[in-house]
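Okay, final.cif now, which holds mmCIF, C-alpha atoms (C1' of nucleotides):
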data_protein
#
loop_
_atom_site.label_atom_id
_atom_site.label_comp_id
_atom_site.auth_asym_id
_atom_site.auth_seq_id
_atom_site.Cartn_x
_atom_site.Cartn_y
_atom_site.Cartn_z
CA MET M 254 0.00 0.00 0.00
CA PRO M 255 2.59 2.38 -1.13
CA GLU M 256 2.85 6.11 -1.22
CA GLY M 257 6.08 7.74 -0.09
CA HIS M 258 5.33 7.36 3.61
CA THR M 259 5.16 3.57 3.22
CA LEU M 260 8.58 3.41 1.60
CA HIS M 261 10.23 5.69 4.12
CA ARG M 262 8.78 3.72 6.99
CA LEU M 263 9.92 0.53 5.32
CA ALA M 264 13.42 1.90 4.79
CA HIS M 265 13.62 2.70 8.46
CA THR M 266 12.33 -0.70 9.56
CA LEU M 267 14.65 -2.56 7.17
CA ASP M 268 17.56 -0.46 8.33
CA ARG M 269 16.81 -1.27 11.95
CA ALA M 270 16.39 -4.97 11.18
CA PHE M 271 19.25 -5.64 8.77
CA ALA M 272 21.90 -2.89 8.80
CA GLY M 273 25.10 -4.42 10.16
CA THR M 274 23.88 -8.00 9.63
CA THR M 275 24.56 -10.45 6.82
CA PRO M 276 21.14 -11.75 5.86
CA ARG M 277 20.42 -14.76 3.73
CA VAL M 278 18.79 -13.54 0.52
CA THR M 279 16.56 -15.96 -1.38
CA SER M 280 13.72 -16.03 -3.87
CA PRO M 281 11.24 -18.64 -2.62
CA GLN M 282 8.96 -17.93 -5.56
CA GLY M 283 11.88 -18.34 -7.98
CA ARG M 284 11.64 -15.15 -10.01
CA PHE M 285 14.57 -13.34 -8.39
CA VAL M 286 17.02 -16.20 -7.99
CA ALA M 287 19.90 -14.59 -9.89
CA GLY M 288 19.49 -11.25 -8.15
CA ALA M 289 19.24 -12.85 -4.74
CA ALA M 290 22.50 -14.71 -5.37
CA LEU M 291 24.24 -11.37 -5.94
CA LEU M 292 23.27 -10.25 -2.44
CA ASP M 293 23.22 -13.45 -0.42
CA GLY M 294 25.92 -13.60 2.23
CA ARG M 295 26.89 -9.93 1.93
CA ALA M 296 26.74 -7.52 4.82
CA CYS M 297 23.89 -5.03 4.65
CA GLU M 298 24.93 -1.43 5.11
CA GLY M 299 21.53 0.21 5.35
CA ALA M 300 18.27 1.17 3.68
CA GLN M 301 16.95 4.49 2.41
CA ALA M 302 13.98 5.77 0.45
CA TRP M 303 13.54 8.62 -1.99
CA GLY M 304 9.94 9.18 -2.99
CA LYS M 305 8.52 5.73 -3.76
CA HIS M 306 11.92 4.20 -4.49
CA LEU M 307 13.57 1.98 -1.90
CA PHE M 308 17.27 1.10 -1.83
CA VAL M 309 18.98 -1.43 0.41
CA THR M 310 22.76 -1.20 0.21
CA PHE M 311 25.10 -4.18 0.59
CA VAL M 312 28.90 -4.22 0.72
CA GLY M 313 30.65 -4.23 -2.60
CA GLU M 314 28.41 -1.50 -4.06
CA ARG M 315 25.54 -3.83 -4.66
CA ILE M 316 22.28 -2.04 -4.14
CA LEU M 317 18.87 -3.64 -4.01
CA ASN M 318 16.34 -1.41 -5.74
CA VAL M 319 12.66 -2.00 -4.98
CA HIS M 320 9.59 -0.26 -6.31
CA LEU M 321 6.35 -1.65 -4.92
CA GLY M 322 4.11 -0.33 -7.68
CA LEU M 323 0.41 -0.41 -6.92
CA ILE M 324 0.14 -3.77 -5.22
CA GLY M 325 3.59 -4.60 -3.90
CA VAL M 326 4.04 -5.46 -0.23
CA PHE M 327 7.19 -5.82 1.83
CA ASP M 328 6.43 -7.47 5.18
CA VAL M 329 9.10 -7.13 7.84
CA LEU M 330 8.71 -9.29 10.92
CA ARG M 331 10.83 -9.83 13.99
CA TYR M 332 10.10 -13.52 14.51
CA ALA M 333 12.64 -14.20 17.26
CA ALA M 334 12.86 -12.15 20.44
CA GLY M 335 16.61 -11.84 20.02
CA PRO M 336 19.60 -13.06 18.02
CA GLY M 337 21.00 -16.54 18.48
CA LEU M 338 17.81 -18.10 19.82
CA ALA M 339 17.51 -20.70 17.05
CA VAL M 340 13.82 -20.04 16.47
CA PRO M 341 12.63 -21.56 13.18
CA ALA M 342 11.92 -18.95 10.52
CA PRO M 343 8.27 -18.62 9.47
CA PRO M 344 7.49 -20.41 6.20
CA ALA M 345 7.31 -18.26 3.08
CA VAL M 346 3.61 -18.18 2.22
CA GLY M 347 2.36 -17.20 -1.23
CA ALA M 348 4.40 -15.57 -3.98
CA VAL M 349 7.44 -14.36 -2.06
CA ARG M 350 9.72 -12.90 -4.72
CA MET M 351 12.51 -12.18 -2.28
CA ARG M 352 13.20 -13.00 1.35
CA LEU M 353 15.79 -11.40 3.63
CA LEU M 354 16.49 -13.54 6.67
CA THR M 355 18.56 -13.34 9.83
CA ASP M 356 18.08 -15.40 12.98
CA GLU M 357 15.92 -12.58 14.30
CA TRP M 358 14.23 -10.83 11.38
CA VAL M 359 12.50 -11.90 8.18
CA ALA M 360 11.38 -9.63 5.34
CA ASP M 361 9.18 -10.97 2.52
CA LEU M 362 8.64 -9.04 -0.70
CA ARG M 363 5.63 -9.71 -2.92
CA GLY M 364 4.09 -8.12 -6.01
CA ALA M 365 6.68 -5.41 -6.58
CA THR M 366 7.06 -3.98 -10.07
CA VAL M 367 10.79 -3.38 -9.68
CA VAL M 368 13.20 -5.71 -7.89
CA GLU M 369 16.76 -5.49 -9.12
CA VAL M 370 20.37 -5.15 -8.07
CA VAL M 371 21.83 -1.86 -9.27
CA THR M 372 25.13 0.03 -9.18
CA PRO M 373 25.61 3.37 -7.41
CA GLU M 374 25.58 5.00 -10.86
CA GLN M 375 22.22 3.45 -11.69
CA GLN M 376 20.86 4.52 -8.33
CA ALA M 377 22.05 8.08 -8.97
CA ALA M 378 20.34 8.06 -12.36
CA THR M 379 17.05 7.02 -10.75
CA LEU M 380 17.34 9.71 -8.11
CA ALA M 381 18.17 12.34 -10.72
CA ARG M 382 14.75 11.79 -12.28
CA LEU M 383 12.90 12.56 -9.04
CA GLY M 384 11.50 15.87 -7.91
CA PRO M 385 11.86 17.01 -4.30
CA ASP M 386 10.54 14.64 -1.61
CA PRO M 387 8.56 16.26 1.24
CA LEU M 388 9.94 13.56 3.55
CA ARG M 389 13.43 14.85 2.82
CA ALA M 390 12.62 18.53 3.19
CA GLY M 391 15.64 20.55 4.23
CA GLU M 392 18.17 18.22 2.62
CA PRO M 393 20.31 19.54 -0.22
CA GLY M 394 18.40 19.56 -3.50
CA GLN M 395 15.05 18.87 -1.84
CA ASP M 396 13.62 22.26 -2.66
CA PRO M 397 10.01 22.77 -3.77
CA ALA M 398 11.05 25.85 -5.75
CA ARG M 399 12.66 23.42 -8.20
CA SER M 400 9.16 22.48 -9.37
CA LEU M 401 7.95 26.03 -9.99
CA ALA M 402 9.59 26.43 -13.39
CA LYS M 403 7.87 23.26 -14.60
CA LEU M 404 4.52 24.39 -13.23
CA ALA M 405 4.76 27.79 -14.84
CA ARG M 406 4.91 26.42 -18.35
CA THR M 407 2.46 23.54 -18.45
CA ASP M 408 -1.24 23.14 -19.09
CA ARG M 409 -1.26 19.84 -17.23
CA SER M 410 -3.55 20.03 -14.23
CA ILE M 411 -2.33 20.40 -10.68
CA ALA M 412 -3.90 17.01 -9.92
CA GLU M 413 -1.76 15.43 -12.60
CA LEU M 414 1.38 17.31 -11.60
CA LEU M 415 1.14 16.18 -7.97
CA MET M 416 1.32 12.57 -9.19
CA ASP M 417 4.29 13.22 -11.48
CA GLN M 418 7.28 11.91 -9.57
CA SER M 419 9.66 14.17 -11.47
CA VAL M 420 7.73 17.15 -10.13
CA LEU M 421 7.20 15.90 -6.58
CA ALA M 422 8.46 12.58 -5.24
CA GLY M 423 6.39 10.40 -2.95
CA VAL M 424 2.85 11.71 -3.36
CA GLY M 425 0.26 9.22 -4.63
CA ASN M 426 -3.46 9.25 -5.21
CA VAL M 427 -4.57 9.57 -1.58
CA TYR M 428 -2.21 12.36 -0.59
CA ARG M 429 -2.94 14.30 -3.77
CA CYS M 430 -6.73 14.17 -3.35
CA GLU M 431 -6.56 15.00 0.32
CA VAL M 432 -3.99 17.78 0.17
CA LEU M 433 -5.85 19.50 -2.68
CA HIS M 434 -9.01 19.34 -0.59
CA ARG M 435 -7.25 20.68 2.51
CA HIS M 436 -6.21 23.75 0.52
CA ARG M 437 -9.43 24.13 -1.47
CA VAL M 438 -7.50 23.83 -4.72
CA ALA M 439 -9.49 23.05 -7.85
CA PRO M 440 -7.89 19.84 -9.16
CA PHE M 441 -8.15 20.70 -12.86
CA THR M 442 -6.37 24.04 -12.56
CA PRO M 443 -3.56 24.11 -15.14
CA GLY M 444 -0.08 24.28 -13.67
CA ARG M 445 0.64 27.69 -15.15
CA LEU M 446 -2.34 29.16 -13.28
CA VAL M 447 -1.26 27.78 -9.92
CA LYS M 448 0.23 30.52 -7.79
CA ALA M 449 3.72 29.90 -6.45
CA SER M 450 2.38 30.57 -2.97
CA THR M 451 -0.26 27.87 -3.41
CA TRP M 452 2.35 25.36 -4.52
CA LEU M 453 4.53 26.17 -1.52
CA GLU M 454 1.53 25.82 0.81
CA LEU M 455 0.84 22.37 -0.60
CA TRP M 456 4.50 21.44 -0.11
CA ASP M 457 4.63 22.78 3.46
CA ASP M 458 1.49 20.86 4.33
CA LEU M 459 2.92 17.63 2.90
CA VAL M 460 6.09 18.25 4.92
CA ASP M 461 3.88 18.27 8.03
CA LEU M 462 1.53 15.46 7.00
CA MET M 463 3.76 12.80 5.54
CA PRO M 464 5.87 12.22 8.68
CA LEU M 465 2.61 11.38 10.45
CA GLY M 466 2.03 8.79 7.74
CA VAL M 467 5.49 7.38 8.42
CA ALA M 468 5.01 7.35 12.17
CA PHE M 469 1.59 5.70 12.17
CA GLY M 470 1.91 3.59 9.06
CA GLN M 471 -1.15 5.17 7.51
CA ILE M 472 -2.14 8.33 5.71
CA ILE M 473 -3.54 10.89 8.14
CA THR M 474 -5.06 14.04 6.66
CA LEU M 475 -8.37 14.81 8.43
CA PRO M 476 -7.75 17.96 10.51
CA GLU M 477 -8.95 16.41 13.77
CA GLN M 478 -6.88 13.28 13.18
CA VAL M 479 -3.81 15.33 12.31
CA GLU M 480 -4.21 17.15 15.59
CA GLU M 481 -4.59 13.91 17.52
CA ALA M 482 -1.61 12.31 15.79
CA GLN M 483 0.57 15.31 16.52
CA ALA M 484 -0.51 15.23 20.16
CA LEU M 485 0.37 11.54 20.38
CA LEU M 486 3.78 12.26 18.88
CA ALA M 487 4.57 15.30 21.00
CA PRO M 488 5.80 13.44 24.10
CA VAL M 489 7.80 11.09 21.89
CA ARG M 490 9.41 14.00 20.09
CA ALA M 491 10.32 15.55 23.40
CA ASP M 492 11.97 12.34 24.55
CA GLY M 493 15.62 13.04 25.20
CA GLU M 494 16.78 9.52 24.47
CA ALA M 495 15.13 9.48 21.08
CA GLN M 496 16.76 12.80 20.22
CA ALA M 497 20.14 11.55 21.39
CA SER M 498 19.86 8.41 19.30
CA GLY M 499 19.71 10.60 16.23
CA GLU M 500 16.58 8.89 14.95
CA PRO M 501 13.98 11.03 13.23
CA ALA M 502 11.57 11.48 16.10
CA ALA M 503 8.52 10.75 14.02
CA TYR M 504 9.58 7.15 13.70
CA VAL M 505 9.66 6.50 17.39
CA VAL M 506 6.00 5.61 17.69
CA ASP M 507 6.76 2.43 15.85
CA TRP M 508 8.92 1.32 18.77
CA GLN M 509 6.15 1.80 21.28
CA GLY M 510 3.38 0.47 19.07
CA GLY M 511 5.45 -2.59 18.32
CA ALA M 512 3.85 -2.36 14.93
CA GLU M 513 5.70 -4.94 12.90
CA GLY M 514 6.43 -7.96 14.99
CA GLU M 515 3.14 -8.24 16.80
CA ARG M 516 1.30 -11.25 15.55
CA GLY M 517 -2.36 -10.54 15.01
CA ARG M 518 -5.34 -12.74 14.40
CA GLY M 519 -4.65 -15.02 11.48
CA ARG M 520 -7.44 -15.78 9.04
CA GLY M 521 -6.83 -19.40 8.14
CA ARG M 522 -5.49 -19.81 4.64
CA SER M 523 -4.20 -16.31 4.18
CA LYS M 524 -1.40 -15.89 1.67
CA ARG M 525 0.22 -13.32 3.89
CA PRO M 526 1.24 -13.53 7.52
CA ALA M 527 -1.26 -11.77 9.73
CA TYR M 528 0.36 -9.14 11.83
CA GLU M 529 -1.34 -5.86 12.22
CA VAL M 530 -0.19 -2.34 12.55
CA VAL M 531 -1.61 -1.02 15.77
CA SER M 532 -2.96 2.43 15.13
CA PRO M 533 -5.31 4.40 17.34
CA LEU M 534 -6.73 6.22 14.34
CA PRO M 535 -9.42 4.85 12.00
CA ARG M 536 -8.66 5.08 8.30
CA GLU M 537 -10.82 7.98 7.21
CA TYR M 538 -10.46 10.61 4.54
CA ALA M 539 -12.24 13.80 3.53
CA VAL M 540 -12.74 12.94 -0.13
CA TYR M 541 -10.72 9.85 -1.10
CA LYS M 542 -13.09 7.02 -2.05
CA ARG M 543 -16.10 9.00 -0.80
CA THR M 544 -17.92 9.61 -4.10
CA GLY M 545 -21.43 10.93 -3.47
CA GLU M 546 -20.92 11.38 0.25
CA PRO M 547 -20.98 14.85 1.84
CA CYS M 548 -17.83 16.92 2.03
CA PRO M 549 -16.91 17.14 5.73
CA ARG M 550 -16.28 20.86 5.36
CA CYS M 551 -19.22 22.15 3.32
CA GLY M 552 -21.61 19.23 2.93
CA ALA M 553 -21.63 19.22 -0.88
CA ARG M 554 -21.34 15.85 -2.60
CA VAL M 555 -17.86 14.52 -3.23
CA ARG M 556 -17.21 14.00 -6.93
CA SER M 557 -14.92 11.58 -8.67
CA GLN M 558 -13.55 11.10 -12.14
CA VAL M 559 -10.98 8.81 -13.66
CA VAL M 560 -8.04 10.89 -14.81
CA ALA M 561 -5.38 9.03 -16.77
CA GLY M 562 -6.35 5.73 -15.20
CA ARG M 563 -6.53 6.98 -11.62
CA THR M 564 -9.66 8.01 -9.76
CA LEU M 565 -9.55 11.60 -8.59
CA TYR M 566 -11.86 12.67 -5.75
CA TRP M 567 -12.74 16.26 -4.91
CA CYS M 568 -15.46 18.49 -3.52
CA GLY M 569 -17.28 20.34 -6.29
CA ARG M 570 -18.14 23.24 -4.02
CA CYS M 571 -15.16 24.11 -1.87
CA GLN M 572 -12.71 23.11 -4.58
CA ARG M 573 -14.54 25.03 -7.28
CA ARG M 574 -12.36 26.92 -9.71
CA ARG M 575 -12.23 30.61 -9.11
"C1'" DG H 121 -15.41 -20.67 -8.47
"C1'" DT H 122 -14.65 -16.21 -10.90
"C1'" DT H 123 -14.21 -11.23 -11.09
"C1'" DT H 124 -12.64 -7.02 -9.44
"C1'" DA H 125 -10.15 -3.42 -7.15
"C1'" DA H 126 -5.92 -1.64 -4.97
"C1'" DT H 127 -2.17 4.28 -2.07
"C1'" DG H 128 2.07 2.75 -9.64
"C1'" DG H 129 4.22 3.30 -13.62
"C1'" DG H 130 6.17 1.87 -18.13
"C1'" DT H 131 5.38 1.30 -23.01
"C1'" DA H 132 2.80 1.18 -27.18
"C1'" DT H 133 -0.78 3.48 -30.06
"C1'" DT X 240 -5.81 6.79 -24.10
"C1'" DA X 241 -5.14 1.71 -23.86
"C1'" DC X 242 -2.92 -2.01 -22.24
"C1'" DC X 243 0.60 -4.40 -19.70
"C1'" DC X 244 3.05 -6.10 -15.39
"C1'" DC X 245 3.09 -7.52 -10.31
"C1'" DT X 246 -0.29 -10.27 -6.09
"C1'" DT X 247 -3.91 -10.71 -2.77
"C1'" DA X 248 -8.40 -10.75 -0.77
"C1'" DA X 249 -12.96 -9.07 -0.85
"C1'" DA X 250 -16.98 -9.16 -3.53
"C1'" DC X 251 -19.35 -11.36 -6.67
"C1'" DT X 252 -21.65 -15.67 -8.99
#

Would you put the structure from the file into structure tokens?
Amino acid sequence: MPEGHTLHRLAHTLDRAFAGTTPRVTSPQGRFVAGAALLDGRACEGAQAWGKHLFVTFVGERILNVHLGLIGVFDVLRYAAGPGLAVPAPPAVGAVRMRLLTDEWVADLRGATVVEVVTPEQQAATLARLGPDPLRAGEPGQDPARSLAKLARTDRSIAELLMDQSVLAGVGNVYRCEVLHRHRVAPFTPGRLVKASTWLELWDDLVDLMPLGVAFGQIITLPEQVEEAQALLAPVRADGEAQASGEPAAYVVDWQGGAEGERGRGRGRSKRPAYEVVSPLPREYAVYKRTGEPCPRCGARVRSQVVAGRTLYWCGRCQRRR
DNA sequence: GTTTAATGGGTAT
DNA sequence: TACCCCTTAAACT
């Protein structure tokens, strides 16, 4: 279920699980056997995400590149309470393209559109094609002003531009619908008519919102939920130990929630292991997937339309073009 | 048992 | 704009 927040959370979890270890790398399903052999038995140096692209680096400049696409899933589970306990690894269920395994952690990848081993040069080429990532705001090159020149000379709609990863990296269909609604932006406004200030407001909002998505493992955009999520994070952010550890504070909730690693209620013959992310917040949105229902702000019916193969949702009244 | 939808994106037309 | 790839599970028959 991948927008940028999913990949950044995953990068962090994989980094915590495998950096500094030498995992076994296999392809139970058999479609990544050659690639897995290139990584098997090599020490893992770490994992990072840019937009929706995930990279796991191994010694010898071998980099695992994963893109989950629409339906890809990368399940990371701590199946043993500690290293060296000789707990049997869980069986690979379903179409597991690649498995990373230590005596403590297992990570199963399914359904991804891109799984390949790349060189640092190839990684750089991929990154060069990406626009700024709100989850990397403040880092060199991650500047929303970069996108303004593109906006100024295109008739493509703002809804389309938000999904263009070379304009903005990491936003997908849910974040685009919701952030446009939050700012009352008419989705079909051509890029050249979007004010620079509006673009920067959208960016700033995503910079605030997306870390909540990372921290809670779900997209949070309803104003009251954003407030609640920020309140839940506040004490964690203030935690001295977390600060000292150098971890991005927004990730810390995942320690306390024990998100990955808690076994949930299995449903019999499921093709995926059943562990659940524990989140205090129900999955609710203002407009996404709410066609015909009332806009939570003005009560008008939410509209939807397929745009270039993706369903766009918006409120016809408060996002009316002016 | 079969069809469909899902928070993506590439390539052909 | 259409079609293709990846996989699962819920919603249909």

Name every residue that the PyMOL selection byres ((chain H) within 8 of (chain M)) selects in this structure, writing the answer as a PyMOL selection string with chains first and numbers rising. chain H and resi 126-129

Should the cut-off be 9 Å, what would the residue list for chain X against chain M look like, counting only C-alpha atoms (C1' of nucleotides), as number ranges by chain? X: 240, 244-248

Which of these, M:Phe469, M:Tyr332, M:Trp567, M:Trp452, has the shortest distance to M:Pro440 once you count all atoms listed in the file? M:Trp567

I'd like the residues picked by the PyMOL selection byres ((chain M and resi 474-477) around 8) written out as an MDAnalysis selection string, using the chain letters and numbers from the file. chainID M and resid 428 431:432 462 472:473 478:481 537:539

For the structure shown, which residues end up in the PyMOL selection byres ((chain H and resi 124) around 8)? Put them as a list in words, please? DT123 and DA125 of chain H; DA250 of chain X

Just give me the gap between atom CA of M:Arg575 and atom CA of M:Leu433 in Å, one decimal is fine. 14.3 Å

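Between atom CA of M:Val319 and atom CA of M:Leu453 there is a distance of 29.5 Å.
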
Selection near stretch 241-243 of chain X, 9 Å with all atoms listed in the file, sequence-local residues under 6 positions removed, as a PyMOL selection string: chain H and resi 130-133

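One finds atom CA of M:Leu414 at 18.0 Å from atom CA of M:Leu380.
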
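Of the residues listed (M:Leu486, M:Val370, M:Cys568, M:Trp303), M:Cys568 shows the shortest atom-to-atom separation from M:His436; distances use all atoms listed in the file.
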
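Within the 12 Å cut-off around M:Glu314, using all atoms listed in the file and omitting residues fewer than 5 positions from it on the same chain, the listed residues are Leu291, Leu292, Arg295, Ala296, Cys297, Glu298, Gly299, Phe308, Val309, Val370, Val371, Thr372, Pro373, Glu374, Gln375 and Gln376 of chain M.
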